[in-house]
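Notes to accompany the following structure.
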Amino acid sequence: MNRFLLHLFIISLFVVEILQSVQAENFPKREFRGVWIPTVGNTRFQHMTPQAIQQEWSAMLDTFQRAGINAVMFQVRPEADAFYPSKIEPWSRFLTGEQGKAPNPVWDPLAFMIKACHERNMQLHAWLNPYRVTLNDKEKLSKMNKKHHRIFIKYGKQLYFDPGNPESWKIVTKVVADIVTRYDVDGIHFDDYFYPYPIRGERFNDNASFRKWGKKEGFTKNERDMWRRNNVDELIKEVSETVHRIKPWVVFGVSPFGIFRNASDTPDGSGSNTHGLSNYSDLNANVLLWEKYHWIDYVAPQLYWTIGNPAADYATLIRWWSQNTYGTNLYIGQSIMTFQAKDLKDNTKTQFAAKMRLERETPNIQGNIWWSGYQLAQNPFGAVDTLATHYQRYPALIPLYPSLSREAPQPIHDVRVTLENCHLQIRWTPVPAKDEMGKSSSFCIYRFGLNEPIDLRSGSHIVSIQRDTIYTIPNAQQRSKYVITALNRLDNESDPSTPILIGE
């Protein structure tokens, strides 16, 4: 009998462990939940007052907060311009209608978005397009951009900074340094635009810069693409070093086109089983090299295809990228509108569940970035509701970046429970620190039942991630046990506080 009870006890422990593991996977404690807010091509802002724009963005952020979003990629440099006051580049025409024309009254969209995101405990990543100067050849350049005309290359109807001219790298890096120095951003973000997407029948004319620099660097005429990839490598490396030198807690991430290389185009067949444009061959973006050398802190390939797409299958690509991270954080660029495609096994359902299951179950994937914010804010086919009530029901910490820092703040102290206006509140004090990595920038509050064991592995116990040092306990949670951890700028987590018992 005793032996039977012992076996039963061991089995019960095993079952509990499995259930806890499953729960941790269903509600991850750490997950990047980003969203892109593009400004390129937007002609509405020039007809809106600053107050109207701010109200629109604030309403969007409120919707994102309800959906569990914890990071915003805000486009601040759509075409060699600025959505913030700059002495380096002109005001964006997408804000005022004319490049170089300041808003009236003058205001700072980037500063507004940083403050608004941080108030909602969301990260703000400043999103830049590195090379694009204009979208069409009819645009008027400001005086600030005309002075760079000698290093522009026209391709199709667009102007680009010449990626092969080192002066272009210096300009982009200077812009990045200015943003990181002056603004409290959490990240710098590039998307998929490096060398331009190819136009059939037209060559990108960088002959002059190849003659001047390519040959000098030892590249032959048959190695033009190799030289081009090296140019982009140099930019990525310089930006990475600049960001981390100025503020080591600011991350640098890239969201490349979804196909790195097709298997049919690689000598060893190591590319993905796809048939389409590729980063390596067409855009000259050697993304895996950036991962290997840790020049980027996260990669978010844009997998905007459906499951079962014959040329670029979502399931094939998500698995391929998961096997090629080289230790770099991997987030998936998701197009919310493709989630309403019909499920291959049941045409009465969408692909929402299947895509999210692949994202959560495939190793090495640590989150998503949703395209686009404007679409998501409209709650298409109930997408926000689905995220809010199911997949992103509980708050999540940002994934760790161990290659940047493992330092965590000290645990909080002076924890006390007070009664304010008939509401119980937990208050605490963070431990001061001299360096930024040791400082407590936010706090994670976990809730458990009074008799429930404390297990910080599952996100299902997180009730709040906040910058405030006061947590008001909802009436429905007044027979509970709480623990609080301190987080630094990279969401590295301190040891938990002593449990706080409420209503025992």
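Residues in the structure tokens are named by chain (A, B, ... in the order shown) and by number from 1 within that chain; ligands are numbered from 1 in the order shown.
Every protein or nucleic acid residue with an atom no more than 6 Å from stretch 258-264 of chain A, counting only C-alpha atoms and leaving out same-chain residues fewer than 4 positions away, appears here: Gly269, Ser270, Gly271, Ser272, Asn273, Thr274, Ser278, Asn279, Tyr280, Pro301, Gln302 and Leu303 of chain A.
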Quick one: everything within 10 Å of A:Tyr293, counting only C-alpha atoms, minus sequence neighbours fewer than 5 positions away in the same chain. Send it as a PDB file with C-alpha atoms, in the first residue's frame.
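Everything below was put into out34.pdb:
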```pdb
ATOM      1  CA  LYS A 237      28.086  46.835 -38.273  1.00  0.00           C
ATOM      2  CA  LEU A 288      22.679  35.360 -41.404  1.00  0.00           C
ATOM      3  CA  TYR A 326      22.768  31.790 -34.437  1.00  0.00           C
ATOM      4  CA  GLY A 327      21.594  32.854 -30.993  1.00  0.00           C
ATOM      5  CA  THR A 328      19.865  36.011 -32.237  1.00  0.00           C
TER       6      THR A 328
END
```
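When the distance limit is 10 Å and only C-alpha atoms are what count, the residues near A:Leu344, minus those fewer than 6 positions from it on the same chain, are Thr306, Ile307, Gly308, Thr350, Gln351 and Ala354 of chain A.
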Write the selection just made, keeping N, CA and C atoms, as a PDB file, in the first residue's frame?
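In the end it all went to result28.pdb:
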```pdb
ATOM      1  N   THR A 306       0.628  32.848 -46.649  1.00  0.00           N
ATOM      2  CA  THR A 306      -0.273  31.930 -45.961  1.00  0.00           C
ATOM      3  C   THR A 306       0.368  30.554 -45.822  1.00  0.00           C
ATOM      4  N   ILE A 307      -0.188  29.754 -44.926  1.00  0.00           N
ATOM      5  CA  ILE A 307       0.204  28.348 -44.859  1.00  0.00           C
ATOM      6  C   ILE A 307      -0.278  27.684 -46.148  1.00  0.00           C
ATOM      7  N   GLY A 308       0.643  27.011 -46.838  1.00  0.00           N
ATOM      8  CA  GLY A 308       0.290  26.352 -48.084  1.00  0.00           C
ATOM      9  C   GLY A 308       0.570  27.158 -49.331  1.00  0.00           C
ATOM     10  N   THR A 350     -10.346  30.147 -40.001  1.00  0.00           N
ATOM     11  CA  THR A 350      -9.238  30.895 -40.586  1.00  0.00           C
ATOM     12  C   THR A 350      -7.917  30.236 -40.188  1.00  0.00           C
ATOM     13  N   GLN A 351      -6.804  30.804 -40.672  1.00  0.00           N
ATOM     14  CA  GLN A 351      -5.481  30.275 -40.323  1.00  0.00           C
ATOM     15  C   GLN A 351      -4.933  30.872 -39.029  1.00  0.00           C
ATOM     16  N   ALA A 354      -3.828  28.138 -36.521  1.00  0.00           N
ATOM     17  CA  ALA A 354      -2.713  27.332 -37.037  1.00  0.00           C
ATOM     18  C   ALA A 354      -1.417  28.135 -37.057  1.00  0.00           C
TER      19      ALA A 354
END
```
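Of the listed residues A:Lys157, A:Arg245, A:Tyr401, A:Lys292, the one whose atoms come nearest to A:Glu202 is A:Lys157, with distances taken using only C-alpha atoms.
Every protein or nucleic acid residue with an atom no more than 12 Å from A:Arg182, counting only C-alpha atoms and leaving out same-chain residues fewer than 5 positions away, appears here: Tyr84, Pro85, Ser86, Lys87, Leu110, Ala111, Ile114, Val175, Val176, Ala177, Ile246 and Lys247 of chain A.
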Compile the contact shell of stretch 425-435 of chain A as an NGL selection string: residues with an atom at most 12 Å away, counting only C-alpha atoms, same-chain residues fewer than 3 positions apart removed. :A and (247-249 or 407-422 or 438-443 or 445 or 467-475 or 477-478 or 481-489 or 494 or 497-502)
Closest contacts (stretch 207-325 of chain A/stretch 68-82 of chain A, max 12 Å, only C-alpha atoms) as CSV:
```
residue,atom,partner,partner_atom,distance
A:Phe252,CA,A:Met73,CA,11.7
A:Gly253,CA,A:Met73,CA,10.3
A:Val254,CA,A:Met73,CA,11.0
A:Ser255,CA,A:Met73,CA,10.6
A:Ala300,CA,A:Met73,CA,11.7
```
Would you output that residue set with N, CA and C atoms, as a PDB file, in the first residue's frame?
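The resulting file, out-v3.pdb, is reproduced below:
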```
ATOM      1  N   PHE A 252      19.184  46.816 -31.369  1.00  0.00           N
ATOM      2  CA  PHE A 252      19.160  47.093 -32.802  1.00  0.00           C
ATOM      3  C   PHE A 252      18.616  45.857 -33.506  1.00  0.00           C
ATOM      4  N   GLY A 253      17.502  46.034 -34.203  1.00  0.00           N
ATOM      5  CA  GLY A 253      16.877  44.904 -34.876  1.00  0.00           C
ATOM      6  C   GLY A 253      16.563  45.202 -36.327  1.00  0.00           C
ATOM      7  N   VAL A 254      16.448  44.129 -37.113  1.00  0.00           N
ATOM      8  CA  VAL A 254      16.155  44.232 -38.542  1.00  0.00           C
ATOM      9  C   VAL A 254      14.998  43.301 -38.878  1.00  0.00           C
ATOM     10  N   SER A 255      14.100  43.778 -39.739  1.00  0.00           N
ATOM     11  CA  SER A 255      12.987  42.949 -40.214  1.00  0.00           C
ATOM     12  C   SER A 255      13.135  42.746 -41.718  1.00  0.00           C
ATOM     13  N   ALA A 300      13.463  39.860 -37.472  1.00  0.00           N
ATOM     14  CA  ALA A 300      12.013  39.639 -37.582  1.00  0.00           C
ATOM     15  C   ALA A 300      11.631  39.494 -39.055  1.00  0.00           C
TER      16      ALA A 300
END
```
Expected answer as a short mmCIF file (atom, residue, chain, number, x, y, z; two decimals) with C-alpha atoms, in the first residue's frame: strand (DSSP E) residues in stretch 282-390 of chain A:
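What ended up in states01.cif:
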```
data_model
loop_
_atom_site.label_atom_id
_atom_site.label_comp_id
_atom_site.auth_asym_id
_atom_site.auth_seq_id
_atom_site.Cartn_x
_atom_site.Cartn_y
_atom_site.Cartn_z
CA TYR A 298 16.84 40.56 -33.07
CA VAL A 299 15.66 39.52 -36.51
CA ASN A 329 16.36 36.67 -30.91
CA LEU A 330 13.83 35.66 -33.57
CA TYR A 331 10.47 37.37 -33.92
CA ILE A 332 8.07 36.73 -36.78
CA GLY A 333 6.81 39.59 -38.94
CA GLN A 334 3.10 38.83 -39.28
CA SER A 335 0.58 40.33 -41.70
CA ILE A 365 10.77 31.88 -31.85
CA GLN A 366 10.20 34.49 -29.17
CA GLY A 367 7.40 36.66 -30.49
CA ASN A 368 5.76 38.56 -33.32
CA ILE A 369 5.58 41.98 -34.92
CA TRP A 370 2.21 42.78 -36.48
CA TRP A 371 1.72 44.56 -39.80
#
```
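Using only C-alpha atoms for every distance, the candidate list A:Ala396, A:Trp321, A:Pro310, A:Gly201 yields A:Ala396 as the residue closest to A:Arg457.
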Secondary structure check, alpha helix (DSSP H) residues of stretch 131-360 of chain A, as a PyMOL selection string: chain A and resi 143-146+166-182+207-209+224-246+287-292+314-322+352-360
How close does stretch 360-410 of chain A get to stretch 37-49 of chain A? List, as a Markdown table, each residue of stretch 360-410 of chain A within 7 Å, its nearest atom pair and the distance in Å to one decimal, counting only C-alpha atoms.
```
| residue | atom | partner | partner_atom | distance |
| --- | --- | --- | --- | --- |
| A:Ser372 | CA | A:Ile37 | CA | 6.4 |
| A:Gly373 | CA | A:Ile37 | CA | 5.0 |
| A:Tyr374 | CA | A:Ile37 | CA | 6.9 |
```
Write a file of the just-selected residues containing C-alpha atoms, as a PDB file, in the first residue's frame.
```pdb
ATOM      1  CA  SER A 372       0.256  47.033 -39.853  1.00  0.00           C
ATOM      2  CA  GLY A 373      -0.728  48.971 -36.793  1.00  0.00           C
ATOM      3  CA  TYR A 374      -3.420  50.878 -38.645  1.00  0.00           C
TER       4      TYR A 374
END
```
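The coordinates place atom CA of A:Arg33 at 16.3 Å from atom CA of A:Tyr304.
Each of A:Thr338, A:Asn165, A:Ser142, A:Gln158 was compared to A:Ala383 using only C-alpha atoms, and A:Thr338 turns out to be the nearest.
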